[in-house]
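Engineer: To be precise about what I am sending: the file is called query03.cif and holds mmCIF, C-alpha atoms.
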```cif
data_upload
#
loop_
_atom_site.label_atom_id
_atom_site.label_comp_id
_atom_site.auth_asym_id
_atom_site.auth_seq_id
_atom_site.Cartn_x
_atom_site.Cartn_y
_atom_site.Cartn_z
CA MET A 1 6.28 82.85 -13.53
CA SER A 2 2.91 82.58 -15.23
CA ARG A 3 0.96 80.02 -17.16
CA GLN A 4 1.01 82.42 -20.09
CA PHE A 5 4.82 82.39 -20.11
CA TRP A 6 4.87 78.62 -20.59
CA GLU A 7 2.15 78.71 -23.22
CA THR A 8 4.28 81.21 -25.16
CA ALA A 9 7.50 79.23 -24.58
CA ALA A 10 5.76 76.10 -25.90
CA GLU A 11 5.77 77.65 -29.38
CA ASP A 12 9.41 76.66 -29.84
CA TYR A 13 10.54 74.98 -26.60
CA TYR A 14 11.25 71.68 -28.36
CA ASP A 15 13.03 73.27 -31.35
CA GLN A 16 16.61 72.05 -30.90
CA SER A 17 17.97 74.45 -33.52
CA ARG A 18 16.63 77.47 -31.61
CA HIS A 19 17.34 76.15 -28.13
CA PRO A 20 20.29 73.76 -28.22
CA ARG A 21 21.11 74.38 -24.54
CA THR A 22 17.59 73.48 -23.47
CA ALA A 23 17.71 70.37 -25.66
CA LEU A 24 21.03 69.33 -24.11
CA LEU A 25 19.70 69.82 -20.58
CA ARG A 26 16.66 67.72 -21.45
CA GLN A 27 18.77 64.98 -23.06
CA THR A 28 21.07 64.87 -20.04
CA SER A 29 18.11 64.67 -17.67
CA VAL A 30 16.51 61.86 -19.68
CA ALA A 31 19.76 59.89 -19.70
CA MET A 32 20.21 60.25 -15.94
CA LEU A 33 16.63 59.32 -15.11
CA GLY A 34 16.74 56.37 -17.50
CA SER A 35 19.97 55.11 -15.95
CA TRP A 36 18.48 55.26 -12.45
CA PHE A 37 15.25 53.48 -13.34
CA ARG A 38 17.03 50.76 -15.31
CA ARG A 39 19.05 49.95 -12.20
CA HIS A 40 16.14 50.45 -9.78
CA PRO A 41 12.95 49.62 -11.71
CA VAL A 42 9.56 50.29 -10.18
CA ARG A 43 6.88 47.58 -10.25
CA TRP A 44 5.45 46.86 -13.69
CA ASP A 45 2.02 48.08 -12.53
CA ALA A 46 3.24 51.10 -10.54
CA THR A 47 1.51 54.42 -11.18
CA THR A 48 4.00 57.19 -11.92
CA LEU A 49 3.21 60.87 -11.61
CA GLU A 50 5.33 63.13 -13.81
CA VAL A 51 5.20 66.74 -12.61
CA GLY A 52 5.92 69.53 -15.07
CA SER A 53 5.81 66.84 -17.69
CA GLY A 54 5.53 68.74 -20.94
CA ARG A 55 5.76 65.86 -23.39
CA PRO A 56 6.15 63.16 -20.73
CA LEU A 57 9.38 61.23 -20.31
CA ALA A 58 8.28 58.66 -17.71
CA PRO A 59 6.88 56.25 -20.35
CA LEU A 60 10.46 55.83 -21.58
CA PHE A 61 11.58 54.13 -18.37
CA THR A 62 8.47 52.91 -16.53
CA ALA A 63 6.01 50.21 -17.63
CA GLY A 64 2.84 51.14 -15.75
CA PRO A 65 0.33 53.96 -16.07
CA VAL A 66 1.59 57.55 -16.07
CA VAL A 67 -0.20 60.68 -14.92
CA ALA A 68 1.35 63.68 -16.70
CA LEU A 69 0.80 66.98 -14.88
CA ASP A 70 1.60 70.33 -16.47
CA TRP A 71 -0.02 73.75 -16.29
CA SER A 72 0.53 74.43 -20.01
CA GLN A 73 -1.55 72.62 -22.59
CA GLY A 74 0.89 73.73 -25.27
CA MET A 75 3.87 72.16 -23.53
CA MET A 76 2.10 68.78 -23.46
CA SER A 77 1.21 68.76 -27.17
CA PRO A 78 1.29 66.53 -29.12
CA CYS A 79 -0.03 64.00 -26.61
CA ASP A 80 0.88 60.35 -26.23
CA ARG A 81 -1.93 58.28 -27.76
CA SER A 82 -0.88 54.87 -26.43
CA GLY A 83 -3.43 54.93 -23.63
CA ARG A 84 -0.74 54.67 -20.93
CA VAL A 85 -0.71 58.39 -20.16
CA ALA A 86 -3.46 60.37 -18.44
CA TYR A 87 -2.98 64.13 -18.85
CA LEU A 88 -3.80 66.52 -16.04
CA LEU A 89 -3.72 70.29 -16.46
CA GLY A 90 -2.73 71.68 -13.09
CA ASP A 91 -0.27 73.29 -10.71
CA ALA A 92 2.80 71.54 -9.26
CA GLU A 93 2.13 73.29 -5.94
CA ARG A 94 -1.51 72.14 -5.79
CA ILE A 95 -1.61 68.65 -7.28
CA GLY A 96 -5.17 67.48 -7.78
CA ILE A 97 -4.57 63.86 -6.76
CA ARG A 98 -5.65 62.11 -3.56
CA PRO A 99 -3.08 61.43 -0.82
CA GLY A 100 -0.88 58.35 -1.23
CA ALA A 101 -2.12 57.66 -4.75
CA VAL A 102 1.15 57.25 -6.67
CA ASP A 103 4.04 54.79 -6.50
CA ALA A 104 6.72 56.96 -8.13
CA ILE A 105 7.15 60.62 -8.99
CA VAL A 106 9.34 62.09 -11.72
CA ALA A 107 10.17 65.77 -12.16
CA SER A 108 12.61 66.36 -15.02
CA LEU A 109 14.23 69.81 -14.91
CA GLY A 110 11.87 70.73 -12.10
CA SER A 111 13.56 73.99 -11.08
CA PRO A 112 10.56 76.16 -12.16
CA PHE A 113 8.54 74.71 -9.26
CA ASN A 114 11.33 73.85 -6.81
CA THR A 115 9.51 75.22 -3.77
CA GLY A 116 8.49 74.02 -0.34
CA SER A 117 4.87 73.81 -1.53
CA PHE A 118 5.83 71.47 -4.36
CA TRP A 119 7.82 69.18 -2.08
CA ARG A 120 5.00 69.02 0.48
CA GLU A 121 2.52 68.18 -2.28
CA THR A 122 4.92 65.54 -3.57
CA ARG A 123 5.01 63.87 -0.19
CA ARG A 124 1.23 64.13 0.18
CA VAL A 125 0.43 62.29 -3.06
CA ALA A 126 3.22 59.69 -2.70
CA ARG A 127 2.54 56.45 -0.89
CA PRO A 128 5.08 55.55 1.85
CA GLY A 129 8.12 54.04 0.15
CA ALA A 130 7.45 55.77 -3.18
CA VAL A 131 10.48 56.98 -5.13
CA VAL A 132 10.78 60.63 -6.13
CA ALA A 133 13.30 61.38 -8.91
CA PHE A 134 14.00 65.07 -9.47
CA THR A 135 16.48 66.73 -11.83
CA ALA A 136 17.54 70.35 -12.19
CA PRO A 137 20.43 72.28 -13.71
CA SER A 138 23.31 71.88 -11.28
CA TYR A 139 23.78 74.79 -8.90
CA GLU A 140 27.39 75.48 -9.86
CA TRP A 141 26.70 75.30 -13.61
CA ALA A 142 23.59 77.46 -13.38
CA MET A 143 25.33 80.13 -11.35
CA ARG A 144 28.09 80.37 -13.96
CA ASP A 145 25.65 80.28 -16.85
CA ARG A 146 23.25 82.86 -15.45
CA ALA A 147 25.86 85.39 -14.34
CA VAL A 148 25.90 86.92 -17.82
CA SER A 149 22.14 87.41 -18.00
CA ALA A 150 20.84 88.10 -14.50
CA GLU A 151 21.84 90.01 -11.42
CA GLU A 152 23.87 87.82 -9.13
CA SER A 153 21.25 88.19 -6.40
CA ALA A 154 18.60 86.71 -8.73
CA ALA A 155 20.70 83.97 -10.30
CA THR A 156 19.52 81.25 -7.92
CA SER A 157 15.87 81.84 -8.78
CA ARG A 158 15.66 83.12 -12.36
CA ALA A 159 16.93 82.12 -15.78
CA THR A 160 16.61 83.74 -19.21
CA TRP A 161 14.52 82.43 -22.08
CA SER A 162 15.07 83.71 -25.64
CA GLY A 163 11.71 83.04 -27.19
CA ALA A 164 10.29 82.88 -30.69
CA ARG A 165 8.95 86.43 -30.42
CA GLY A 166 12.43 87.91 -30.48
CA HIS A 167 13.00 89.08 -26.93
CA ASP A 168 14.50 87.64 -23.76
CA GLU A 169 12.34 86.98 -20.74
CA LEU A 170 13.22 85.95 -17.19
CA PHE A 171 11.42 82.93 -15.77
CA THR A 172 11.43 81.20 -12.40
CA SER A 173 14.09 78.50 -12.08
CA VAL A 174 15.18 77.78 -8.52
CA VAL A 175 18.53 76.05 -8.08
CA MET A 176 20.36 75.47 -4.82
CA PRO A 177 23.43 73.67 -3.47
CA ASP A 178 22.99 69.95 -2.92
CA ASP A 179 22.81 70.22 0.85
CA GLU A 180 20.05 72.83 0.66
CA GLN A 181 18.11 70.81 -1.91
CA ILE A 182 18.33 67.73 0.29
CA ALA A 183 17.23 69.74 3.32
CA LEU A 184 14.22 71.16 1.46
CA ALA A 185 13.01 67.72 0.38
CA GLY A 186 13.81 66.31 3.82
CA SER A 187 11.67 68.95 5.51
CA ALA A 188 8.70 67.59 3.52
CA GLY A 189 9.31 64.02 4.71
CA LEU A 190 11.56 62.59 2.01
CA ARG A 191 14.70 60.52 2.64
CA THR A 192 17.67 60.90 0.29
CA LEU A 193 18.64 57.78 -1.69
CA HIS A 194 20.97 59.12 -4.37
CA VAL A 195 22.56 62.35 -5.63
CA VAL A 196 24.70 62.68 -8.74
CA THR A 197 25.70 65.40 -11.21
CA GLU A 198 26.57 64.81 -14.85
CA ARG A 199 27.76 67.04 -17.65
CA GLN A 200 27.36 66.80 -21.42
CA GLY A 201 28.53 68.90 -24.34
CA ILE A 202 31.60 70.92 -25.15
CA GLY A 203 32.35 74.40 -23.83
CA SER A 204 29.87 75.40 -21.15
CA GLY A 205 27.70 72.45 -22.24
CA ALA A 206 24.97 71.46 -19.80
CA GLU A 207 25.21 70.07 -16.28
CA VAL A 208 22.31 68.39 -14.50
CA SER A 209 21.91 67.11 -10.96
CA LEU A 210 19.71 64.11 -10.14
CA PHE A 211 18.20 63.77 -6.68
CA VAL A 212 16.37 60.56 -5.76
CA PHE A 213 14.30 60.46 -2.60
CA GLU A 214 12.01 58.02 -0.83
CA ALA A 215 8.73 59.01 0.81
CA ARG A 216 8.87 58.17 4.52
#
```
Translate the structure of the given file into structure tokens.

Structural biologist:
Amino acid sequence: MSRQFWETAAEDYYDQSRHPRTALLRQTSVAMLGSWFRRHPVRWDATTLEVGSGRPLAPLFTAGPVVALDWSQGMMSPCDRSGRVAYLLGDAERIGIRPGAVDAIVASLGSPFNTGSFWRETRRVARPGAVVAFTAPSYEWAMRDRAVSAEESAATSRATWSGARGHDELFTSVVMPDDEQIALAGSAGLRTLHVVTERQGIGSGAEVSLFVFEAR
């Protein structure tokens, strides 16, 4: 996966007519995150870090300042002009924020950076007790969906993007069974609070898993 891939994908990533599946995954993720934070709100003044933010979602369900981190300028445009969001161009595996600086972390559809390095960085920048809410395409759904476009051996780590330039391209998207996902986050020092999977749409639709952790 490269920064250039995401800059190219940004040309039509948010075009629902071209990418209805992506739009449905995003809508499902937003609904799940919103439901969690409505039931378990963070403090009104809490600082939330949204990793891989694109056009950030955290302002929809948190009241305090948001730091939006993405490594593609194009994915973040247009930017929120309310003054609540600070934009940071950077890498999910090397977050340029001091240790213990944030009260909550959101990663919506975070499978492109679902690595041990990301989870260790997440724990480093989170204060003890901070909530980390992470969504990704569900393992079972992704394995079914990707079987038609990728070798079975690569299906857990790659997905296909049909971009505006008329050709398909594989990109990094790491999905894993719930127990493995929990173990990966746990190895970085995060305690599991909540796991749920939800599905939307007819036919193959879209299925998203939400994992909520607490920094120990």

Engineer: Can you list what the PyMOL selection byres ((chain A and resi 198-208) around 6) grabs from this structure, as a PyMOL selection string?

Structural biologist: chain A and resi 25+136-138+197+209

Engineer: Could you pull the residues within 7 Å of Arg191 in chain A, counting only C-alpha atoms, minus those fewer than 4 positions along the same chain, as a PyMOL selection string?

Structural biologist: chain A and resi 186+213-216

Engineer: Can you give me, as a PyMOL selection string, the residues this file yields under the PyMOL selection byres ((chain A and resi 87) around 6)?

Structural biologist: chain A and resi 67-68+86+88

Engineer: Kindly give the distance, in Å, that separates CA of Ala107 in chain A and CA of Trp6 in chain A, rounded to a single decimal.

Structural biologist: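 Between these atoms lies a distance of 16.3 Å.
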
Engineer: Which distance in Å separates CA of Ser108 in chain A and CA of His167 in chain A, to one decimal?

Structural biologist: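 Between CA of Ser108 in chain A and CA of His167 in chain A the gap works out to 25.7 Å.
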
Engineer: For Ala130 in chain A, which residue out of A:Gly189, A:Gly96, A:Pro78, A:Gly163 is the nearest one, using only C-alpha atoms?

Structural biologist: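 The closest residue to Ala130 in chain A is A:Gly189.
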
Engineer: Using only C-alpha atoms, pick whichever of A:Met75, A:Ala104, A:Leu210, A:Val42 has the shortest atom-to-atom distance to Thr8 in chain A.

Structural biologist: A:Met75

Engineer: Enter the distance from CA of Leu190 in chain A to CA of Pro128 in chain A, in Å, rounded to one decimal.

Structural biologist: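 Straight-line distance from CA of Leu190 in chain A to CA of Pro128 in chain A works out to 9.6 Å.
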
Engineer: Could you tell me which of A:Ala133, A:Ala9, A:Ala126, A:Met76 comes closest to Phe37 in chain A if we count all atoms listed in the file?

Structural biologist: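 Of A:Ala133, A:Ala9, A:Ala126, A:Met76, the one nearest Phe37 in chain A, counting all atoms listed in the file, is A:Ala133.
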
Engineer: Specify as number ranges by chain each residue included when the PyMOL selection byres ((chain A and resi 89) around 9) is applied to this file.

Structural biologist: A: 68-73, 87-88, 90-91

Engineer: Can you pull out every residue within 9 Å of range 170-176 of chain A, counting only C-alpha atoms, but drop anything in the same chain fewer than 6 positions away, and send it as JSON, numbers by chain?

Structural biologist: {"A": [1, 2, 5, 110, 111, 112, 113, 114, 115, 136, 137, 138, 139, 140, 142, 143, 150, 155, 156, 157, 158, 159, 160, 161, 162]}

Engineer: Select, from A:Gly54, A:Gly116, A:Gly74, A:Gly100, the residue with the minimum atom-to-atom distance to Ala10 in chain A, counting all atoms listed in the file.

Structural biologist: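 Residue with the minimum atom-to-atom distance to Ala10 in chain A: A:Gly74.
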
Engineer: For Ala23 in chain A, which of A:Cys79, A:Leu109, A:Val195, A:Ala92 is the closest residue, counting all atoms listed in the file?

Structural biologist: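 Once distances to Ala23 in chain A are computed over all atoms listed in the file, the minimum belongs to A:Leu109.
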
Engineer: With only C-alpha atoms as the atoms that count, which of A:Val30, A:Val102, A:Val196, A:Ala46 lies nearest to Leu60 in chain A?

Structural biologist: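 Of A:Val30, A:Val102, A:Val196, A:Ala46, the one nearest Leu60 in chain A is A:Val30, counting only C-alpha atoms.
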
Engineer: Missing atoms in range 83-113 of chain A: can you complete it with N, CA and C atoms, as an mmCIF file, in the frame of the given file?

Structural biologist:
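The new file result28.cif reads:
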```cif
data_model
loop_
_atom_site.group_PDB
_atom_site.id
_atom_site.type_symbol
_atom_site.label_atom_id
_atom_site.label_comp_id
_atom_site.auth_asym_id
_atom_site.auth_seq_id
_atom_site.Cartn_x
_atom_site.Cartn_y
_atom_site.Cartn_z
ATOM 1 N N GLY A 83 -2.492 55.305 -24.682
ATOM 2 C CA GLY A 83 -3.430 54.930 -23.630
ATOM 3 C C GLY A 83 -2.787 54.775 -22.277
ATOM 4 N N ARG A 84 -1.459 54.808 -22.214
ATOM 5 C CA ARG A 84 -0.740 54.670 -20.930
ATOM 6 C C ARG A 84 -0.736 55.960 -20.132
ATOM 7 N N VAL A 85 -0.894 57.097 -20.810
ATOM 8 C CA VAL A 85 -0.710 58.390 -20.160
ATOM 9 C C VAL A 85 -2.038 59.106 -19.984
ATOM 10 N N ALA A 86 -2.312 59.516 -18.740
ATOM 11 C CA ALA A 86 -3.460 60.370 -18.440
ATOM 12 C C ALA A 86 -2.939 61.783 -18.212
ATOM 13 N N TYR A 87 -3.468 62.755 -18.925
ATOM 14 C CA TYR A 87 -2.980 64.130 -18.850
ATOM 15 C C TYR A 87 -3.827 64.938 -17.887
ATOM 16 N N LEU A 88 -3.142 65.718 -17.060
ATOM 17 C CA LEU A 88 -3.800 66.520 -16.040
ATOM 18 C C LEU A 88 -3.253 67.942 -16.116
ATOM 19 N N LEU A 89 -4.121 68.899 -16.422
ATOM 20 C CA LEU A 89 -3.720 70.290 -16.460
ATOM 21 C C LEU A 89 -3.820 70.839 -15.048
ATOM 22 N N GLY A 90 -2.691 71.249 -14.477
ATOM 23 C CA GLY A 90 -2.730 71.680 -13.090
ATOM 24 C C GLY A 90 -1.409 72.239 -12.618
ATOM 25 N N ASP A 91 -1.368 72.565 -11.348
ATOM 26 C CA ASP A 91 -0.270 73.290 -10.710
ATOM 27 C C ASP A 91 0.568 72.331 -9.869
ATOM 28 N N ALA A 92 1.893 72.394 -10.020
ATOM 29 C CA ALA A 92 2.800 71.540 -9.260
ATOM 30 C C ALA A 92 2.707 71.789 -7.755
ATOM 31 N N GLU A 93 2.242 72.969 -7.357
ATOM 32 C CA GLU A 93 2.130 73.290 -5.940
ATOM 33 C C GLU A 93 0.750 72.969 -5.360
ATOM 34 N N ARG A 94 -0.168 72.543 -6.241
ATOM 35 C CA ARG A 94 -1.510 72.140 -5.790
ATOM 36 C C ARG A 94 -1.947 70.977 -6.683
ATOM 37 N N ILE A 95 -1.381 69.816 -6.429
ATOM 38 C CA ILE A 95 -1.610 68.650 -7.280
ATOM 39 C C ILE A 95 -2.987 68.055 -6.967
ATOM 40 N N GLY A 96 -3.808 67.943 -7.981
ATOM 41 C CA GLY A 96 -5.170 67.480 -7.780
ATOM 42 C C GLY A 96 -5.295 65.965 -7.757
ATOM 43 N N ILE A 97 -4.567 65.318 -6.889
ATOM 44 C CA ILE A 97 -4.570 63.860 -6.760
ATOM 45 C C ILE A 97 -4.711 63.540 -5.272
ATOM 46 N N ARG A 98 -5.409 62.461 -4.962
ATOM 47 C CA ARG A 98 -5.650 62.110 -3.560
ATOM 48 C C ARG A 98 -4.348 61.694 -2.867
ATOM 49 N N PRO A 99 -4.281 61.806 -1.561
ATOM 50 C CA PRO A 99 -3.080 61.430 -0.820
ATOM 51 C C PRO A 99 -2.698 59.972 -1.026
ATOM 52 N N GLY A 100 -1.396 59.712 -1.145
ATOM 53 C CA GLY A 100 -0.880 58.350 -1.230
ATOM 54 C C GLY A 100 -1.257 57.600 -2.470
ATOM 55 N N ALA A 101 -1.565 58.318 -3.567
ATOM 56 C CA ALA A 101 -2.120 57.660 -4.750
ATOM 57 C C ALA A 101 -1.076 57.150 -5.733
ATOM 58 N N VAL A 102 0.184 57.603 -5.624
ATOM 59 C CA VAL A 102 1.150 57.250 -6.670
ATOM 60 C C VAL A 102 2.344 56.501 -6.072
ATOM 61 N N ASP A 103 2.937 55.645 -6.911
ATOM 62 C CA ASP A 103 4.040 54.790 -6.500
ATOM 63 C C ASP A 103 5.409 55.372 -6.815
ATOM 64 N N ALA A 104 5.463 56.313 -7.751
ATOM 65 C CA ALA A 104 6.720 56.960 -8.130
ATOM 66 C C ALA A 104 6.391 58.338 -8.679
ATOM 67 N N ILE A 105 7.314 59.260 -8.493
ATOM 68 C CA ILE A 105 7.150 60.620 -8.990
ATOM 69 C C ILE A 105 8.410 61.014 -9.740
ATOM 70 N N VAL A 106 8.232 61.601 -10.904
ATOM 71 C CA VAL A 106 9.340 62.090 -11.720
ATOM 72 C C VAL A 106 9.133 63.579 -11.967
ATOM 73 N N ALA A 107 10.189 64.359 -11.801
ATOM 74 C CA ALA A 107 10.170 65.770 -12.160
ATOM 75 C C ALA A 107 11.478 66.063 -12.885
ATOM 76 N N SER A 108 11.412 66.103 -14.211
ATOM 77 C CA SER A 108 12.610 66.360 -15.020
ATOM 78 C C SER A 108 12.775 67.855 -15.211
ATOM 79 N N LEU A 109 13.946 68.369 -14.840
ATOM 80 C CA LEU A 109 14.230 69.810 -14.910
ATOM 81 C C LEU A 109 13.136 70.575 -14.170
ATOM 82 N N GLY A 110 12.960 70.192 -12.903
ATOM 83 C CA GLY A 110 11.870 70.730 -12.100
ATOM 84 C C GLY A 110 12.166 72.031 -11.396
ATOM 85 N N SER A 111 13.207 72.745 -11.779
ATOM 86 C CA SER A 111 13.560 73.990 -11.080
ATOM 87 C C SER A 111 12.474 75.064 -11.150
ATOM 88 N N PRO A 112 11.590 75.120 -12.179
ATOM 89 C CA PRO A 112 10.560 76.160 -12.160
ATOM 90 C C PRO A 112 9.561 76.038 -11.013
ATOM 91 N N PHE A 113 9.475 74.873 -10.387
ATOM 92 C CA PHE A 113 8.540 74.710 -9.260
ATOM 93 C C PHE A 113 9.250 74.110 -8.050
#
```
